[in-house]
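K.L.:
Handing you this structure, nothing more for now.
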Amino acid sequence: MAFQLEVAVLVDKPVYEPGEPAQLLVAARSDASTELSLEVTSYKGVVAELSIALREGEVATKALEVEVPRIPGNYEFSVRYEGKLLDSVQFIVAPFCEVPVDRYLAFVYHHHQAPNYLPDGTYYYLWAFLHTWSDELAPYGKGAYHYHALILEKHRDYKCTYNLSPSLIAQWDSAIRYGVRYKGGFVPPSSSEVELVKEALSIYTNAARRGQIDVLTSMYAHSIAGYLIDYMGMEDVVREELEYGAEVTRKILGVEPLGVWTPEMAFTMKLVEIYADLGFKYTVLDAKCHLKNSKGEVGDELEPYLVRGSKGELVVFFRNTELSNYMSFKNSFETPFMAWKKAYEFTYLIARRLVQGGVLTIALDGENWMIFSKNPPLTAVFYEKLVEYVEKLQRSNYLKTATLRELVSKLHARRVLTWVPTTSWLCRFSKWNGEKAEHAEYWARARRVYEKIKAYEASRGMDERSKRARWAFWHAIDSDYWWAEFWEPTLISLWLEQAEKALEQK
């Protein structure tokens with residue numbers, strides 16, 4: 001082959017009934033203009049011969065209808081050029097209409113931003129807004145938060161769950177009411193930028209009201225609850241932040257949250273009682289870091305579990321670690337067609353995991369998998385194609401997308417866990433305490449400030465001063481500021497100082 005050639009092959013969905021026709025698509029690109037003669041092969045040998053005329057650097061496509069095998073199993077179509085394998089696509093043949101099996105797919109997206117404003121209300125970082133109104137996904141969309149909302153509007157049969165973190169939606173609500181003031185500028189509430197924030201918030205709110213999405217609440221700031229409780233003795237901080245976060249969710253979105261997101265999946269069994277006391281029924285943890293090391297009736301992650309503590313109980317959905325990480329981290333695509341191809345492959349993996357039925361939970365950050373890609377706009381292509389493939393499987397009655405709220409009402413947890421380890425989605429806490437040399441010093445400082453607040457309240461009770469101090473303290477311990485790669489000692493110090501000042505003010 002004297003020229004560089006790229007070829008990809010796709011089918012229109014990952015699962016077929018025996019003998020059902022499939023729509024097959026072949027795409028090719030070359031660094032030279034040429035005429036290709038390609039062979040499409042299956043387990044029966046050559047299925048079709050294709051001729052594709054290529055122009056230098058351009059993608060050419062060819063579509064054809066092929067029949068899938070009549071015997072259930074896993075199969076593939078391959079494309080060859082002069083006998084050399086160029087690409088293949090896997091698919092499943094299953095008589096799923098004859099033998100109905102309950103298969104549920106639960107996507108859970110964690111939209112979060114730290115409270116990135118200063119004590120005077122000016123913004124230190126604009127991420128809550130830039131990931132909404134910017135052109136980071138152009139030409140396919142605006143910011144990641146806005147794009148997620150547009151997908152919900154466009155694909156009304158697609159159901160999923162969102163944690164719209166209270167500190168994120170509080171910043172959106174503030175922008176809509178008062179605009180965004182930052183060092184060197186001001187974006188008024190009447191601006192086209194803020195209008196995009198308003199539009200995104202409205203879409204999420206309406207989607208929640210019609211039951212297309214479930215909204216999980218969480219602590220107001222993005223703090224590692226399990227670590228704060230078990231290692232820092234700050235159970236009261238976690239409880240009050242959860243109460244406040246739930247009130248923000250109710251006020252801004254107009255929904256009563258039944259589920260709760262555990263930031264960084266930083267769990268401890270002591271959260272079971274706190275969640276139960278506050279009326280929360282379910283959360284999401286990690287299969288590898290949590291379920292695998294739990295005690296009780298441990299099975300696989302394809303079902304909800306009842307976690308029973310000394311006081312209270314909680315339904316837990318354990319996310320499939322590998323598939324969640326696939327979407328989180330394997331998202332740097334070179335071309336739109338590659339993004340499309342990967343969306344198909346991901347949907348195929350989903351379908352294969354659900355062959356025997358169950359609940360497959362895929363949970364990840366809603367924005368970071370897009371914005372941290374080497375090519376963010378192509379994650380928009382990937383996401384819409386993924387939703388389209390999932391919708392096809394849903395229309396075929398192979399699976400159903402569902403919110404966690406729906407699943408809790410439909411399914412009863414059959415297995416009981418008596419203990420789930422204190423850890424995070426990373427199976428450790430060193431990312432927030434250990435990887436930076438200064439971590440220990442700042443956690444010691446945070447503990448001293450916390451002890452000052454407790455000492456003040458022991459002598460004077462909880463008053464306006466201590467409430468202001470606690471508010472500032474929440475901001476200082478937001479986990480995003482402690483994450484090793486985004487270490488923010490300036491903001492931590494600022495808010496710890498603010499907490500101390502609050503106790504001294506008259």
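For the structure tokens, the naming scheme is as follows: chains receive sequential letters (A, B, ...) according to their order of presentation, residues are indexed from 1 within each chain, and ligands are indexed from 1 in presentation order.
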Please return, as a ChimeraX atom specification, all residues of region 296-461 of chain A that DSSP assigns to helix (DSSP H, G or I) on the basis of the backbone.

P.N.:
/A:321-329,336-353,368-371,376-395,404-410,439-460

K.L.:
Create the file for the chosen residues now, containing C-alpha atoms and written as a short mmCIF file (atom, residue, chain, number, x, y, z; two decimals), in the first residue's frame.

P.N.:
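The new file out_4.cif reads:
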```
data_model
loop_
_atom_site.label_atom_id
_atom_site.label_comp_id
_atom_site.auth_asym_id
_atom_site.auth_seq_id
_atom_site.Cartn_x
_atom_site.Cartn_y
_atom_site.Cartn_z
CA THR A 321 -15.98 1.03 37.48
CA GLU A 322 -14.57 0.03 34.10
CA LEU A 323 -17.38 1.45 31.97
CA SER A 324 -17.58 4.64 34.03
CA ASN A 325 -13.83 5.13 33.62
CA TYR A 326 -14.08 4.33 29.90
CA MET A 327 -16.34 7.31 29.41
CA SER A 328 -14.42 9.45 31.90
CA PHE A 329 -10.94 8.98 30.50
CA PRO A 336 -15.75 13.02 14.28
CA PHE A 337 -15.99 9.55 12.79
CA MET A 338 -13.66 8.17 15.46
CA ALA A 339 -15.91 9.71 18.12
CA TRP A 340 -18.88 8.05 16.42
CA LYS A 341 -17.04 4.71 16.29
CA LYS A 342 -16.13 4.89 19.98
CA ALA A 343 -19.74 5.74 20.89
CA TYR A 344 -20.81 2.55 19.11
CA GLU A 345 -18.12 0.49 20.83
CA PHE A 346 -19.12 1.86 24.23
CA THR A 347 -22.78 1.06 23.61
CA TYR A 348 -21.78 -2.46 22.56
CA LEU A 349 -19.93 -2.91 25.88
CA ILE A 350 -23.05 -1.72 27.71
CA ALA A 351 -25.25 -4.14 25.81
CA ARG A 352 -22.89 -7.04 26.42
CA ARG A 353 -22.76 -6.35 30.17
CA ASN A 368 -14.84 16.93 33.25
CA TRP A 369 -14.87 14.01 30.82
CA MET A 370 -15.68 16.56 28.10
CA ILE A 371 -13.55 19.56 29.03
CA PRO A 376 -13.42 18.64 23.70
CA PRO A 377 -15.77 19.35 20.75
CA LEU A 378 -15.61 15.73 19.64
CA THR A 379 -16.89 14.57 23.02
CA ALA A 380 -20.15 16.26 21.97
CA VAL A 381 -20.24 14.04 18.88
CA PHE A 382 -19.52 11.00 21.03
CA TYR A 383 -22.23 11.85 23.54
CA GLU A 384 -25.04 12.42 21.06
CA LYS A 385 -24.15 9.29 19.10
CA LEU A 386 -24.08 7.34 22.36
CA VAL A 387 -27.55 8.59 23.25
CA GLU A 388 -28.81 7.74 19.76
CA TYR A 389 -27.49 4.16 20.01
CA VAL A 390 -28.99 3.75 23.47
CA GLU A 391 -32.33 5.03 22.16
CA LYS A 392 -32.25 2.41 19.41
CA LEU A 393 -31.75 -0.34 21.97
CA GLN A 394 -34.57 1.16 23.99
CA ARG A 395 -36.93 1.20 21.00
CA LEU A 404 -32.44 6.23 40.10
CA ARG A 405 -35.70 7.50 41.56
CA GLU A 406 -37.63 5.19 39.20
CA LEU A 407 -35.43 2.21 40.00
CA VAL A 408 -35.79 2.62 43.76
CA SER A 409 -39.58 2.59 43.38
CA LYS A 410 -39.61 -0.37 40.93
CA HIS A 439 -1.45 18.92 52.69
CA ALA A 440 -0.72 17.90 56.28
CA GLU A 441 0.05 21.47 57.33
CA TYR A 442 -3.22 22.80 55.90
CA TRP A 443 -5.37 20.01 57.32
CA ALA A 444 -3.83 20.70 60.74
CA ARG A 445 -4.69 24.36 60.26
CA ALA A 446 -8.26 23.46 59.23
CA ARG A 447 -8.60 21.34 62.37
CA ARG A 448 -7.47 24.26 64.55
CA VAL A 449 -10.06 26.56 62.97
CA TYR A 450 -12.76 23.93 63.43
CA GLU A 451 -11.80 23.57 67.10
CA LYS A 452 -12.04 27.35 67.52
CA ILE A 453 -15.57 27.26 66.13
CA LYS A 454 -16.53 24.43 68.48
CA ALA A 455 -14.96 26.17 71.48
CA TYR A 456 -16.80 29.39 70.65
CA GLU A 457 -20.12 27.56 70.39
CA ALA A 458 -19.46 25.67 73.63
CA SER A 459 -19.19 28.95 75.50
CA ARG A 460 -21.65 31.15 73.63
#
```

K.L.:
Hey, could you make a per-residue contact list for region 64-122 of chain A against region 50-59 of chain A with 12 Å as the cut-off, showing the nearest pair of atoms and its distance in Å to one decimal, counting only C-alpha atoms, sorted by chain and number, as a Markdown table?

P.N.:
```
| residue | atom | partner | partner_atom | distance |
| --- | --- | --- | --- | --- |
| A:Leu64 | CA | A:Leu50 | CA | 9.2 |
| A:Val79 | CA | A:Leu50 | CA | 9.7 |
| A:Arg80 | CA | A:Leu50 | CA | 10.2 |
| A:Tyr81 | CA | A:Leu50 | CA | 10.1 |
```

K.L.:
Using only C-alpha atoms, which residues sit within 9 Å of Leu86 (chain A) once same-chain residues fewer than 6 positions away are excluded, as a list in words?

P.N.:
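Counting only the stated atoms, we get Leu5, Glu6, Val7, Ala8, Ser78, Val79 and Arg80 of chain A.
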
K.L.:
Per DSSP on the backbone, what are the strand (DSSP E) residues of region 191-329 of chain A, as a VMD selection string?

P.N.:
chain A and resid 213 to 216 282 to 286 295 to 296 305 to 308 313 to 319

K.L.:
May I have the residues from that selection written out with C-alpha atoms, as a tab-separated table (two decimals), in the first residue's frame?

P.N.:
```
chain	number	residue	atom	x	y	z
A	213	ILE	CA	-34.19	13.16	34.97
A	214	ASP	CA	-33.80	12.59	38.67
A	215	VAL	CA	-31.88	15.27	40.58
A	216	LEU	CA	-29.64	14.26	43.45
A	282	TYR	CA	-30.24	6.29	47.93
A	283	THR	CA	-26.75	7.16	46.70
A	284	VAL	CA	-24.09	5.91	44.25
A	285	LEU	CA	-20.73	4.36	45.12
A	286	ASP	CA	-18.01	2.47	43.25
A	295	LYS	CA	-19.26	-7.16	54.10
A	296	GLY	CA	-22.57	-8.93	53.74
A	305	TYR	CA	-28.10	-3.08	47.57
A	306	LEU	CA	-29.53	-2.23	50.97
A	307	VAL	CA	-26.78	-0.95	53.24
A	308	ARG	CA	-27.88	-1.35	56.83
A	313	GLU	CA	-30.50	2.09	56.07
A	314	LEU	CA	-29.67	3.26	52.57
A	315	VAL	CA	-30.09	1.91	49.03
A	316	VAL	CA	-26.79	2.00	47.15
A	317	PHE	CA	-26.23	1.67	43.42
A	318	PHE	CA	-22.66	0.65	42.66
A	319	ARG	CA	-21.32	2.07	39.43
```

K.L.:
Which is closest to Gly358 (chain A) among A:Gly211, A:Pro304, A:Gly312, A:Pro139, if we use only C-alpha atoms?

P.N.:
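The answer is A:Pro304, which sits nearest to Gly358 (chain A).
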
K.L.:
Please determine, counting only C-alpha atoms, which residue among A:Gly434, A:Gly366, A:Gly179, A:Gly19 has the shortest atom-to-atom distance to Ala144 (chain A).

P.N.:
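Under the stated criterion, the closest residue is A:Gly366.
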
K.L.:
Which is closer to Asp157 (chain A) than all the others in A:Ser42, A:Thr403, A:Asn116, A:Gln498, using only C-alpha atoms?

P.N.:
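Of A:Ser42, A:Thr403, A:Asn116, A:Gln498, the one nearest Asp157 (chain A) is A:Thr403, counting only C-alpha atoms.
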
K.L.:
Provide the CA of Ala225 (chain A) to CA of Ala266 (chain A) distance in Å, to one decimal place.

P.N.:
5.7 Å

K.L.:
For Leu253 (chain A), find every residue with an atom within 9 Å (counting only C-alpha atoms), except residues of its own chain fewer than 5 positions away, and show them as a PyMOL selection string.

P.N.:
chain A and resi 169+201-202+204-206+208+215+248

K.L.:
Those selected residues, please, written with N, CA and C atoms and delivered as a short mmCIF file (atom, residue, chain, number, x, y, z; two decimals), in the first residue's frame.

P.N.:
```cif
data_model
loop_
_atom_site.label_atom_id
_atom_site.label_comp_id
_atom_site.auth_asym_id
_atom_site.auth_seq_id
_atom_site.Cartn_x
_atom_site.Cartn_y
_atom_site.Cartn_z
N ILE A 169 -25.52 25.28 41.20
CA ILE A 169 -26.78 25.94 40.84
C ILE A 169 -26.98 27.23 41.63
N LEU A 201 -30.49 26.07 33.08
CA LEU A 201 -31.17 25.80 34.34
C LEU A 201 -32.64 25.48 34.12
N SER A 202 -33.27 26.19 33.21
CA SER A 202 -34.68 25.96 32.92
C SER A 202 -34.89 24.57 32.32
N TYR A 204 -33.00 21.83 32.73
CA TYR A 204 -32.84 20.82 33.77
C TYR A 204 -34.07 20.79 34.69
N THR A 205 -34.56 21.96 35.04
CA THR A 205 -35.72 22.03 35.94
C THR A 205 -36.94 21.37 35.31
N ASN A 206 -37.21 21.68 34.04
CA ASN A 206 -38.36 21.10 33.35
C ASN A 206 -38.20 19.60 33.15
N ALA A 208 -36.64 17.60 35.12
CA ALA A 208 -36.89 16.97 36.42
C ALA A 208 -38.39 16.90 36.69
N VAL A 215 -32.91 14.35 40.09
CA VAL A 215 -31.88 15.27 40.58
C VAL A 215 -31.47 14.86 41.98
N VAL A 248 -31.00 24.31 49.12
CA VAL A 248 -30.67 24.99 47.86
C VAL A 248 -31.32 24.27 46.69
#
```

K.L.:
Excluding Tyr16 (chain A) and its own-chain neighbours fewer than 4 positions away, which residues fall within 12 Å of it when counting only C-alpha atoms? Please give them as an NGL selection string.

P.N.:
:A and (11-12 or 20-23 or 66-75 or 90-97 or 348 or 351 or 392-393 or 395-398)

K.L.:
Could those residues be written to a file, using C-alpha atoms, as a PDB file, in the first residue's frame?

P.N.:
```
ATOM      1  CA  VAL A  11     -23.508  -1.057  12.151  1.00  0.00           C
ATOM      2  CA  ASP A  12     -26.643   0.811  13.182  1.00  0.00           C
ATOM      3  CA  GLU A  20     -32.761  -9.021  11.270  1.00  0.00           C
ATOM      4  CA  PRO A  21     -31.304  -6.734   8.585  1.00  0.00           C
ATOM      5  CA  ALA A  22     -28.479  -4.483   9.701  1.00  0.00           C
ATOM      6  CA  GLN A  23     -27.400  -1.171   8.221  1.00  0.00           C
ATOM      7  CA  VAL A  66     -26.705  -6.898   5.387  1.00  0.00           C
ATOM      8  CA  GLU A  67     -28.459  -9.740   7.197  1.00  0.00           C
ATOM      9  CA  VAL A  68     -27.236 -10.756  10.616  1.00  0.00           C
ATOM     10  CA  PRO A  69     -26.933 -14.464  11.589  1.00  0.00           C
ATOM     11  CA  ARG A  70     -29.996 -16.420  12.694  1.00  0.00           C
ATOM     12  CA  ILE A  71     -28.196 -18.155  15.547  1.00  0.00           C
ATOM     13  CA  PRO A  72     -27.815 -16.129  18.784  1.00  0.00           C
ATOM     14  CA  GLY A  73     -24.267 -15.212  19.753  1.00  0.00           C
ATOM     15  CA  ASN A  74     -21.516 -12.627  19.393  1.00  0.00           C
ATOM     16  CA  TYR A  75     -20.446 -11.776  15.860  1.00  0.00           C
ATOM     17  CA  GLN A  90     -18.757  -6.462  16.946  1.00  0.00           C
ATOM     18  CA  PHE A  91     -22.458  -6.999  17.579  1.00  0.00           C
ATOM     19  CA  ILE A  92     -24.802  -9.308  19.448  1.00  0.00           C
ATOM     20  CA  VAL A  93     -27.589 -11.508  18.105  1.00  0.00           C
ATOM     21  CA  ALA A  94     -30.131 -12.286  20.812  1.00  0.00           C
ATOM     22  CA  PRO A  95     -33.813 -13.301  20.731  1.00  0.00           C
ATOM     23  CA  PHE A  96     -34.613 -10.716  23.387  1.00  0.00           C
ATOM     24  CA  CYS A  97     -38.229 -10.222  22.328  1.00  0.00           C
ATOM     25  CA  TYR A 348     -21.779  -2.464  22.562  1.00  0.00           C
ATOM     26  CA  ALA A 351     -25.254  -4.144  25.805  1.00  0.00           C
ATOM     27  CA  LYS A 392     -32.252   2.412  19.405  1.00  0.00           C
ATOM     28  CA  LEU A 393     -31.747  -0.339  21.966  1.00  0.00           C
ATOM     29  CA  ARG A 395     -36.932   1.201  21.003  1.00  0.00           C
ATOM     30  CA  SER A 396     -35.998  -2.422  20.336  1.00  0.00           C
ATOM     31  CA  ASN A 397     -37.013  -3.262  23.926  1.00  0.00           C
ATOM     32  CA  TYR A 398     -33.536  -4.545  24.681  1.00  0.00           C
TER      33      TYR A 398
END
```

K.L.:
For region 187-196 of chain A, list every protein, DNA or RNA residue within 9 Å, evaluated using only C-alpha atoms, and leave out those in the same chain fewer than 2 positions away; present the list as number ranges by chain.

P.N.:
A: 129, 132-134, 142, 146, 172, 175-182, 185, 198-201

K.L.:
For the residues in that selection, give me N, CA and C atoms as an mmCIF file, in the first residue's frame.

P.N.:
```
data_model
loop_
_atom_site.group_PDB
_atom_site.id
_atom_site.type_symbol
_atom_site.label_atom_id
_atom_site.label_comp_id
_atom_site.auth_asym_id
_atom_site.auth_seq_id
_atom_site.Cartn_x
_atom_site.Cartn_y
_atom_site.Cartn_z
ATOM 1 N N PHE A 129 -19.712 29.217 34.888
ATOM 2 C CA PHE A 129 -20.319 29.940 33.771
ATOM 3 C C PHE A 129 -19.637 29.617 32.438
ATOM 4 N N THR A 132 -20.755 26.713 30.734
ATOM 5 C CA THR A 132 -22.148 26.842 30.300
ATOM 6 C C THR A 132 -22.234 27.714 29.054
ATOM 7 N N TRP A 133 -21.641 28.909 29.096
ATOM 8 C CA TRP A 133 -21.857 29.857 27.995
ATOM 9 C C TRP A 133 -20.700 29.942 26.991
ATOM 10 N N SER A 134 -19.579 29.294 27.261
ATOM 11 C CA SER A 134 -18.437 29.414 26.345
ATOM 12 C C SER A 134 -18.644 28.578 25.088
ATOM 13 N N LYS A 142 -22.335 24.743 22.954
ATOM 14 C CA LYS A 142 -21.683 25.749 23.784
ATOM 15 C C LYS A 142 -20.869 25.019 24.862
ATOM 16 N N HIS A 146 -24.421 23.283 29.275
ATOM 17 C CA HIS A 146 -25.489 23.662 28.349
ATOM 18 C C HIS A 146 -25.745 22.549 27.345
ATOM 19 N N TRP A 172 -25.314 29.695 39.467
ATOM 20 C CA TRP A 172 -26.183 30.001 38.322
ATOM 21 C C TRP A 172 -27.313 30.936 38.735
ATOM 22 N N ALA A 175 -26.097 34.437 39.199
ATOM 23 C CA ALA A 175 -25.831 35.095 37.917
ATOM 24 C C ALA A 175 -27.123 35.593 37.282
ATOM 25 N N ILE A 176 -28.159 34.773 37.326
ATOM 26 C CA ILE A 176 -29.448 35.138 36.732
ATOM 27 C C ILE A 176 -30.054 36.342 37.452
ATOM 28 N N ARG A 177 -29.855 36.399 38.758
ATOM 29 C CA ARG A 177 -30.434 37.490 39.552
ATOM 30 C C ARG A 177 -29.595 38.769 39.518
ATOM 31 N N TYR A 178 -28.279 38.589 39.652
ATOM 32 C CA TYR A 178 -27.433 39.758 39.893
ATOM 33 C C TYR A 178 -26.296 39.954 38.888
ATOM 34 N N GLY A 179 -26.131 38.996 37.980
ATOM 35 C CA GLY A 179 -24.995 39.069 37.079
ATOM 36 C C GLY A 179 -23.761 38.454 37.713
ATOM 37 N N VAL A 180 -22.642 38.554 37.012
ATOM 38 C CA VAL A 180 -21.391 37.939 37.461
ATOM 39 C C VAL A 180 -20.316 39.015 37.544
ATOM 40 N N ARG A 181 -19.878 39.303 38.743
ATOM 41 C CA ARG A 181 -18.823 40.292 38.952
ATOM 42 C C ARG A 181 -17.518 39.553 39.230
ATOM 43 N N TYR A 182 -16.489 39.897 38.483
ATOM 44 C CA TYR A 182 -15.187 39.281 38.673
ATOM 45 C C TYR A 182 -14.117 40.355 38.539
ATOM 46 N N GLY A 185 -14.099 42.880 35.514
ATOM 47 C CA GLY A 185 -15.253 42.878 34.628
ATOM 48 C C GLY A 185 -16.561 42.536 35.312
ATOM 49 N N LYS A 198 -29.432 30.751 32.138
ATOM 50 C CA LYS A 198 -30.861 30.674 32.464
ATOM 51 C C LYS A 198 -31.540 29.575 31.661
ATOM 52 N N GLU A 199 -31.181 29.469 30.386
ATOM 53 C CA GLU A 199 -31.771 28.435 29.536
ATOM 54 C C GLU A 199 -31.410 27.042 30.027
ATOM 55 N N ALA A 200 -30.127 26.829 30.367
ATOM 56 C CA ALA A 200 -29.698 25.511 30.854
ATOM 57 C C ALA A 200 -30.427 25.140 32.133
ATOM 58 N N LEU A 201 -30.494 26.075 33.075
ATOM 59 C CA LEU A 201 -31.168 25.802 34.342
ATOM 60 C C LEU A 201 -32.644 25.479 34.120
#
```

K.L.:
Quick one: residues within 8 Å of Thr217 (chain A), only C-alpha atoms counted, chain neighbours fewer than 2 positions away excluded, as a PyMOL selection string?

P.N.:
chain A and resi 163-166+215+219+245-246+249+257+259-261

K.L.:
Which distance in Å separates CA of Lys330 (chain A) and CA of Val197 (chain A), to one decimal?

P.N.:
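One can read the CA of Lys330 (chain A) to CA of Val197 (chain A) distance as 28.2 Å.
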
K.L.:
How many Å separate CA of Gly226 (chain A) from CA of Gln113 (chain A)?

P.N.:
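Pair CA of Gly226 (chain A) / CA of Gln113 (chain A) returns 19.3 Å.
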